[in-house]
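Visitor: Provided herewith: entry_39.txt, compact mmCIF, C-alpha atoms and all ligand atoms.
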# COMPACT_ATOMS: atom_id res chain seq x y z
CA MET A 1 37.21 -120.19 155.66
CA GLU A 2 33.80 -119.51 154.14
CA GLN A 3 30.71 -121.31 155.35
CA ILE A 4 30.48 -124.35 153.11
CA ASN A 5 27.41 -126.57 152.73
CA PRO A 6 27.46 -130.40 152.93
CA ALA A 7 26.93 -130.85 149.17
CA GLN A 8 29.91 -128.62 148.36
CA TYR A 9 32.06 -130.31 150.98
CA GLU A 10 31.25 -133.79 149.60
CA LEU A 11 31.73 -132.75 145.99
CA VAL A 12 35.24 -131.46 146.63
CA TYR A 13 35.97 -134.52 148.81
CA ASN A 14 34.94 -136.87 145.99
CA PHE A 15 36.91 -134.96 143.37
CA PHE A 16 40.07 -135.18 145.49
CA SER A 17 39.48 -138.89 145.96
CA PHE A 18 39.00 -139.43 142.21
CA THR A 19 42.15 -137.44 141.44
CA ILE A 20 44.18 -139.58 143.85
CA ALA A 21 42.96 -142.73 142.06
CA ALA A 22 43.71 -141.25 138.63
CA MET A 23 47.24 -140.11 139.56
CA GLY A 24 48.05 -143.43 141.27
CA SER A 25 46.92 -145.57 138.36
CA ALA A 26 48.64 -143.36 135.78
CA THR A 27 51.91 -143.67 137.73
CA ALA A 28 51.66 -147.47 137.80
CA PHE A 29 50.78 -147.62 134.10
CA LEU A 30 53.60 -145.33 132.97
CA TRP A 31 56.31 -146.96 135.03
CA LEU A 32 55.23 -150.55 134.37
CA ASN A 33 55.12 -150.00 130.60
CA ARG A 34 58.59 -148.55 130.18
CA SER A 35 59.81 -151.78 128.58
CA GLN A 36 57.26 -151.34 125.75
CA VAL A 37 59.28 -148.49 124.25
CA ALA A 38 62.79 -148.05 122.88
CA SER A 39 65.44 -146.99 125.37
CA TYR A 40 65.58 -143.36 124.12
CA TYR A 41 61.96 -142.87 125.13
CA ARG A 42 62.16 -144.41 128.58
CA PRO A 43 63.23 -141.18 130.32
CA ALA A 44 60.06 -139.51 128.97
CA LEU A 45 57.93 -142.25 130.60
CA THR A 46 59.94 -142.17 133.81
CA ILE A 47 59.41 -138.42 134.10
CA SER A 48 55.77 -138.74 133.12
CA GLY A 49 55.24 -141.20 135.97
CA LEU A 50 57.22 -138.97 138.29
CA VAL A 51 54.84 -136.10 137.54
CA THR A 52 51.76 -138.16 138.40
CA PHE A 53 53.54 -139.58 141.45
CA ILE A 54 54.40 -136.10 142.78
CA ALA A 55 50.76 -135.11 142.17
CA LEU A 56 49.57 -138.29 143.93
CA TYR A 57 51.58 -137.32 147.01
CA HIS A 58 50.29 -133.73 146.99
CA TYR A 59 46.67 -134.79 146.51
CA LEU A 60 46.99 -137.10 149.51
CA ARG A 61 48.17 -134.10 151.54
CA ILE A 62 45.48 -131.83 150.06
CA PHE A 63 42.82 -134.43 150.91
CA GLU A 64 44.15 -134.71 154.44
CA SER A 65 44.13 -130.92 154.80
CA TRP A 66 40.54 -130.74 153.50
CA GLU A 67 39.41 -133.34 156.04
CA ALA A 68 41.21 -131.50 158.85
CA ALA A 69 39.68 -128.13 157.92
CA TYR A 70 36.07 -129.25 158.45
CA THR A 71 33.98 -131.55 160.59
CA VAL A 72 30.50 -132.77 159.81
CA VAL A 73 28.23 -132.49 162.84
CA ASP A 74 24.60 -133.61 162.52
CA GLY A 75 24.69 -133.17 158.75
CA ALA A 76 26.14 -129.64 158.92
CA VAL A 77 29.70 -128.79 157.93
CA GLN A 78 31.67 -126.79 160.46
CA ALA A 79 35.09 -125.23 160.05
CA THR A 80 37.51 -126.66 162.60
CA GLY A 81 39.70 -123.56 162.60
CA LYS A 82 42.54 -125.39 160.84
CA LYS A 83 43.30 -123.68 157.57
CA PHE A 84 42.92 -125.59 154.30
CA ASN A 85 46.43 -125.54 152.82
CA ASP A 86 46.53 -124.16 149.28
CA ALA A 87 50.30 -124.08 149.14
CA TYR A 88 50.52 -127.82 148.34
CA ARG A 89 49.10 -127.09 144.89
CA TYR A 90 51.67 -124.44 144.10
CA VAL A 91 54.58 -126.53 145.35
CA ASP A 92 53.26 -129.35 143.19
CA TRP A 93 53.01 -127.13 140.10
CA LEU A 94 56.44 -125.67 140.67
CA LEU A 95 57.87 -129.18 140.37
CA THR A 96 55.53 -130.77 137.83
CA VAL A 97 54.94 -127.99 135.30
CA PRO A 98 58.59 -127.78 134.13
CA LEU A 99 58.73 -131.61 134.08
CA LEU A 100 55.64 -131.79 131.84
CA LEU A 101 57.33 -129.59 129.25
CA ILE A 102 60.51 -131.66 129.49
CA GLU A 103 58.43 -134.82 128.89
CA LEU A 104 57.17 -133.37 125.62
CA ILE A 105 60.66 -132.28 124.56
CA LEU A 106 62.17 -135.69 125.44
CA VAL A 107 59.62 -137.69 123.49
CA MET A 108 60.41 -135.59 120.40
CA ARG A 109 64.00 -136.87 120.54
CA LEU A 110 65.70 -133.69 119.38
CA SER A 111 69.45 -133.19 119.29
CA ARG A 112 71.14 -133.09 122.69
CA SER A 113 71.83 -129.35 122.55
CA GLU A 114 68.28 -128.54 121.47
CA THR A 115 66.87 -130.78 124.21
CA VAL A 116 68.93 -129.00 126.86
CA SER A 117 68.32 -125.46 125.63
CA LYS A 118 64.56 -125.94 125.15
CA SER A 119 64.21 -127.70 128.51
CA VAL A 120 66.04 -124.95 130.36
CA ARG A 121 64.14 -122.15 128.63
CA LEU A 122 60.66 -123.64 128.91
CA GLY A 123 61.29 -125.02 132.39
CA THR A 124 62.42 -121.61 133.68
CA LEU A 125 59.42 -119.85 132.14
CA ALA A 126 57.08 -122.42 133.68
CA ALA A 127 58.58 -122.00 137.16
CA LEU A 128 58.37 -118.22 136.84
CA MET A 129 54.70 -118.45 135.85
CA ILE A 130 53.85 -120.44 138.98
CA LEU A 131 55.90 -118.24 141.33
CA LEU A 132 54.21 -115.10 139.99
CA GLY A 133 50.75 -116.63 140.41
CA TYR A 134 51.08 -117.55 144.09
CA PRO A 135 50.90 -114.08 145.74
CA GLY A 136 47.65 -113.57 143.82
CA GLU A 137 46.22 -116.95 144.76
CA ILE A 138 46.53 -116.32 148.48
CA SER A 139 45.02 -112.83 148.30
CA ASP A 140 41.31 -112.14 148.49
CA GLN A 141 41.62 -108.64 147.10
CA ASP A 142 40.61 -108.44 143.47
CA ASN A 143 43.16 -105.81 142.44
CA VAL A 144 46.03 -107.81 143.97
CA ARG A 145 44.79 -110.96 142.25
CA TRP A 146 44.56 -109.20 138.85
CA LEU A 147 48.07 -107.78 139.20
CA TRP A 148 49.75 -111.17 139.82
CA TRP A 149 47.48 -112.84 137.27
CA ALA A 150 48.66 -110.37 134.62
CA LEU A 151 52.34 -110.85 135.58
CA SER A 152 52.00 -114.63 135.49
CA MET A 153 50.28 -114.43 132.08
CA ILE A 154 53.50 -113.10 130.53
CA PRO A 155 55.55 -116.31 130.92
CA PHE A 156 52.35 -118.30 130.23
CA LEU A 157 51.84 -116.65 126.81
CA TRP A 158 55.56 -116.90 126.11
CA ILE A 159 55.36 -120.68 126.64
CA LEU A 160 52.45 -120.89 124.19
CA VAL A 161 54.44 -118.94 121.61
CA GLU A 162 57.40 -121.33 122.11
CA LEU A 163 55.15 -124.36 121.78
CA PHE A 164 53.74 -123.11 118.50
CA GLY A 165 56.69 -121.28 117.06
CA GLY A 166 59.79 -122.95 118.42
CA LEU A 167 58.51 -126.53 118.36
CA SER A 168 56.95 -126.36 114.89
CA SER A 169 60.14 -127.08 113.00
CA SER A 170 60.91 -129.93 115.40
CA LEU A 171 57.41 -131.26 114.75
CA ALA A 172 58.04 -131.36 111.00
CA ALA A 173 61.07 -133.58 111.66
CA GLN A 174 58.98 -136.23 113.47
CA PRO A 175 58.13 -139.52 111.69
CA GLU A 176 54.94 -139.19 109.62
CA SER A 177 53.02 -141.68 111.80
CA VAL A 178 53.38 -139.63 115.00
CA ARG A 179 53.07 -136.06 113.75
CA GLY A 180 49.34 -136.02 114.43
CA LEU A 181 49.80 -137.36 117.96
CA VAL A 182 52.61 -134.94 118.83
CA ASN A 183 50.43 -132.12 117.57
CA ARG A 184 47.60 -133.40 119.75
CA ALA A 185 49.90 -133.50 122.78
CA ARG A 186 50.78 -129.87 122.10
CA TRP A 187 47.11 -128.90 121.88
CA LEU A 188 46.27 -130.90 124.98
CA THR A 189 48.91 -128.86 126.80
CA VAL A 190 47.60 -125.55 125.50
CA LEU A 191 43.94 -126.30 126.25
CA SER A 192 44.39 -127.91 129.66
CA TRP A 193 46.85 -125.23 130.79
CA SER A 194 44.50 -122.45 129.68
CA PHE A 195 42.01 -123.77 132.19
CA TYR A 196 44.15 -122.62 135.16
CA PRO A 197 44.20 -118.84 134.57
CA VAL A 198 40.43 -119.05 133.92
CA VAL A 199 39.74 -120.91 137.18
CA PHE A 200 41.94 -118.34 138.96
CA VAL A 201 39.76 -115.41 137.84
CA LEU A 202 36.40 -116.97 138.83
CA PRO A 203 36.33 -115.19 142.23
CA MET A 204 37.21 -111.90 140.52
CA LEU A 205 34.26 -112.28 138.16
CA GLY A 206 31.66 -112.33 140.90
CA LEU A 207 31.70 -115.93 142.12
CA GLU A 208 31.72 -115.63 145.90
CA GLY A 209 32.38 -117.43 149.15
CA ALA A 210 32.08 -121.20 149.37
CA ALA A 211 30.84 -121.47 145.77
CA ALA A 212 34.10 -119.91 144.57
CA ASP A 213 36.22 -122.16 146.81
CA THR A 214 34.35 -125.23 145.54
CA ALA A 215 34.67 -124.22 141.87
CA ILE A 216 38.40 -123.54 142.23
CA GLN A 217 39.15 -126.89 143.89
CA ILE A 218 37.13 -128.86 141.33
CA GLY A 219 38.43 -126.83 138.38
CA TYR A 220 42.08 -127.33 139.33
CA SER A 221 41.53 -131.04 140.01
CA ILE A 222 40.00 -131.68 136.57
CA ALA A 223 42.73 -129.66 134.86
CA ASP A 224 45.43 -131.59 136.78
CA VAL A 225 44.03 -134.98 135.72
CA VAL A 226 43.95 -133.90 132.06
CA ALA A 227 47.32 -132.09 132.06
CA LYS A 228 49.19 -134.86 133.92
CA ALA A 229 47.50 -138.28 133.68
CA VAL A 230 45.80 -137.99 130.26
CA PHE A 231 48.83 -136.16 128.87
CA GLY A 232 51.09 -138.92 130.22
CA ILE A 233 49.09 -141.53 128.31
CA VAL A 234 49.44 -139.51 125.09
CA ILE A 235 53.21 -139.31 125.67
CA TYR A 236 53.21 -143.10 126.12
CA MET A 237 51.31 -143.55 122.83
CA ILE A 238 53.78 -141.32 121.00
CA ALA A 239 56.72 -143.29 122.42
CA VAL A 240 55.15 -146.62 121.38
CA ARG A 241 54.47 -145.39 117.85
CA LYS A 242 57.93 -143.92 117.44
CA THR A 243 59.43 -147.17 118.67
CA GLU A 244 57.46 -149.02 115.97
CA ALA A 245 58.38 -146.50 113.28
CA GLU A 246 62.05 -146.81 114.19
CA GLY A 247 62.08 -150.59 114.09
CA GLY A 248 61.13 -151.88 117.53
CA ALA A 249 62.35 -151.81 121.12
C1 LIG B 301 49.92 -130.13 136.58
C2 LIG B 301 49.75 -128.76 136.73
C3 LIG B 301 49.73 -127.84 135.72
C4 LIG B 301 49.87 -128.23 134.28
C5 LIG B 301 49.55 -126.47 136.09
C6 LIG B 301 49.51 -125.44 135.26
C7 LIG B 301 49.29 -124.15 135.77
C8 LIG B 301 49.15 -122.99 135.05
C9 LIG B 301 49.26 -122.95 133.57
C10 LIG B 301 48.88 -121.78 135.81
C11 LIG B 301 48.82 -120.56 135.33
C12 LIG B 301 48.47 -119.33 136.04
C13 LIG B 301 48.37 -118.17 135.27
C14 LIG B 301 48.73 -118.14 133.83
C15 LIG B 301 47.89 -116.86 135.83
C16 LIG B 301 47.28 -116.99 137.18
C17 LIG B 301 48.06 -117.86 138.09
C18 LIG B 301 48.22 -119.29 137.56
C19 LIG B 301 49.44 -119.84 138.31
C20 LIG B 301 46.98 -120.09 137.93
For the structure just supplied, provide its representation as structure tokens.
Ligand SMILES: *C/C=C(C)/C=C/C=C(C)/C=C/C1=C(C)CCCC1(C)C

Guide:
Amino acid sequence: MEQINPAQYELVYNFFSFTIAAMGSATAFLWLNRSQVASYYRPALTISGLVTFIALYHYLRIFESWEAAYTVVDGAVQATGKKFNDAYRYVDWLLTVPLLLIELILVMRLSRSETVSKSVRLGTLAALMILLGYPGEISDQDNVRWLWWALSMIPFLWILVELFGGLSSSLAAQPESVRGLVNRARWLTVLSWSFYPVVFVLPMLGLEGAAADTAIQIGYSIADVVAKAVFGIVIYMIAVRKTEAEGGA
């Protein structure tokens, strides 16, 4: 591990702690409010809470790994020799990224066959994107990182095309009162997800050593809170509004 200074160590520590609080409270909110929406929309909230719950678990492990990787002695941060475990993030994404897309599909309440086919297609693309990113993430050679970045960008861009092309006709079929919100959920996905490939390239653009490690950890944490907890709340709002538009729970 790179030599990290106390301010960087604390900053990452505090961001992990904040993310744990955000994921935990989002999980409680989403699961406790299931009864506020019609029964068709409950699976979307269950899955939404499952996503933040899986992230809560992984952030607890990430936090633990961060604490184990360093000790603070007389105000200086020293590496303990235990490696900070980056794999937790990728295991988390592998599970949560397909579920996030399924959440969005479920809250749209499409026909059964469309729900299944879109979930399978988007879920597979999302898993492929994460698997292709991992060999790059664990490499510190720029050319290796660029190669896997480029490969992972293919399913990533494909997902964006599906969200804008494939889901547009489904969007038009949504009740008037929720169209704006569903559109916002789609944009929230696009913008928050675009953050990840940008954070990934920071070390290839000249950011070095502990500064790069710090930026990556903070960048991914912010993106995770937006893409999972904030997104979950938007899904909840859509479900509540659709419940109202369709005549109550
Ligand atoms: C909750 C976690 C989410 C929404 C994670 C999303 C992750 C991505 C969109 C990652 C994409 C990547 C690329 C497109 C290229 C480089 C490697 C990745 C995996 C960072």

Visitor: Taking 6 positions as the minimum chain separation for residues in the same chain, which residues sit within 12 Å of Ser168 of chain A when counting only C-alpha atoms? Answer as a VMD selection string.

Guide: chain A and resid 105 108 160 to 162 174 179 182 to 183 186

Visitor: Could you list, with a cut-off of 8 Å and counting only C-alpha atoms and all ligand atoms, the residues of chain A near ligand LIG 301 (chain B), each shown with its nearest atom pair and the distance in Å rounded to one decimal, rows sorted by chain and ascending number, as a tab-separated table?

Guide:
residue	atom	partner	partner_atom	distance
A:Val51	CA	B:LIG301	C1	7.8
A:Ala55	CA	B:LIG301	C1	7.5
A:Tyr90	CA	B:LIG301	C19	7.7
A:Asp92	CA	B:LIG301	C2	7.4
A:Trp93	CA	B:LIG301	C2	5.0
A:Thr96	CA	B:LIG301	C1	5.8
A:Val97	CA	B:LIG301	C4	5.2
A:Leu100	CA	B:LIG301	C4	7.2
A:Ala126	CA	B:LIG301	C9	7.8
A:Met129	CA	B:LIG301	C19	6.0
A:Ile130	CA	B:LIG301	C19	4.5
A:Leu131	CA	B:LIG301	C19	7.3
A:Leu132	CA	B:LIG301	C19	6.9
A:Gly133	CA	B:LIG301	C17	3.8
A:Tyr134	CA	B:LIG301	C19	6.4
A:Gly136	CA	B:LIG301	C17	7.2
A:Glu137	CA	B:LIG301	C17	7.0
A:Trp148	CA	B:LIG301	C16	6.9
A:Trp149	CA	B:LIG301	C16	4.2
A:Ala150	CA	B:LIG301	C15	6.6
A:Leu151	CA	B:LIG301	C15	7.5
A:Ser152	CA	B:LIG301	C15	4.7
A:Met153	CA	B:LIG301	C14	4.4
A:Ile154	CA	B:LIG301	C14	7.7
A:Pro155	CA	B:LIG301	C14	7.6
A:Phe156	CA	B:LIG301	C14	5.1
A:Leu157	CA	B:LIG301	C14	7.8
A:Thr189	CA	B:LIG301	C4	7.6
A:Ser192	CA	B:LIG301	C4	7.2
A:Trp193	CA	B:LIG301	C9	4.3
A:Ser194	CA	B:LIG301	C9	6.2
A:Phe195	CA	B:LIG301	C9	7.4
A:Tyr196	CA	B:LIG301	C20	4.7
A:Pro197	CA	B:LIG301	C13	4.3
A:Val198	CA	B:LIG301	C20	7.8
A:Val199	CA	B:LIG301	C20	7.3
A:Phe200	CA	B:LIG301	C20	5.4
A:Val201	CA	B:LIG301	C16	7.7
A:Ala223	CA	B:LIG301	C3	7.3
A:Asp224	CA	B:LIG301	C1	4.7
A:Val225	CA	B:LIG301	C1	7.7
A:Ala227	CA	B:LIG301	C4	5.1
A:Lys228	CA	B:LIG301	C1	5.5

Visitor: Excluding Glu64 of chain A and any residue of its chain fewer than 3 positions from it, enumerate the residues within 10 Å of it, using only C-alpha atoms, and give them as a list in words.

Guide: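 Listing them by chain and then by number gives Tyr13, Phe16, His58, Tyr59, Leu60, Arg61, Glu67, Ala68, Ala69, Phe84 and Asn85 of chain A.
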
Visitor: Could you give me, as number ranges by chain, the residues within 10 Å of Ala76 of chain A, counting all atoms listed in the file and dropping anything in the same chain fewer than 2 positions from it?

Guide: A: 4-7, 9, 70-74, 78

Visitor: Please list as a list of chain:residue names every residue within 8 Å of segment 231-246 of chain A, counting all atoms listed in the file and excluding residues in the same chain fewer than 2 positions away.

Guide: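 Using all atoms listed in the file, the neighbours found are A:Ala26, A:Leu30, A:Gln36, A:Val37, A:Ala38, A:Tyr41, A:Ala44, A:Leu45, A:Ser48, A:Gly49, A:Glu103, A:Leu104, A:Val107, A:Pro175, A:Ser177, A:Val178, A:Leu181, A:Val182, A:Ala185, A:Leu188, A:Thr189, A:Val226, A:Ala227, A:Lys228, A:Ala229, A:Gly248, A:Ala249.
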
Visitor: Taking only C-alpha atoms into account, which of A:Ser25, A:Gln3, A:Ser221, A:Ser169 comes nearest Ala79 of chain A?

Guide: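 Selected residue with least distance to Ala79 of chain A: A:Gln3.
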
Visitor: For a test of reading the model, state the distance in Å between atom CA of Arg184 of chain A and atom CA of Val230 of chain A, rounded to one decimal.

Guide: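 Taking atom CA of Arg184 of chain A as the start and atom CA of Val230 of chain A as the end point, the length is 11.6 Å.
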
Visitor: To one decimal in Å, tell me the separation between atom CA of Thr46 of chain A and atom CA of Leu99 of chain A.

Guide: 10.6 Å

Visitor: Just give me the gap between atom CA of Asp142 of chain A and atom CA of Met204 of chain A in Å, one decimal is fine.

Guide: 5.7 Å

Visitor: Have a look at A:Ile138, A:Ala28, A:Val77, A:Ile216 and name the one nearest to Glu10 of chain A; count all atoms listed in the file.

Guide: A:Val77

Visitor: When distances are computed from only C-alpha atoms, which of A:Ala87, A:Trp31, A:Leu95, A:Ile102 shows the smallest separation from Leu128 of chain A?

Guide: A:Leu95

Visitor: Return the single residue from A:Leu101, A:Ala212, A:Leu110, A:Met23 that is closest to Leu163 of chain A, with distances computed using all atoms listed in the file.

Guide: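 Under the stated criterion, the closest residue is A:Leu101.
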
Visitor: Kindly indicate which residue among A:Ser65, A:Thr115, A:Ile218, A:Pro98 lies nearest to Ala127 of chain A, using all atoms listed in the file for the distances.

Guide: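 Nearest candidate to Ala127 of chain A out of A:Ser65, A:Thr115, A:Ile218, A:Pro98: A:Pro98.
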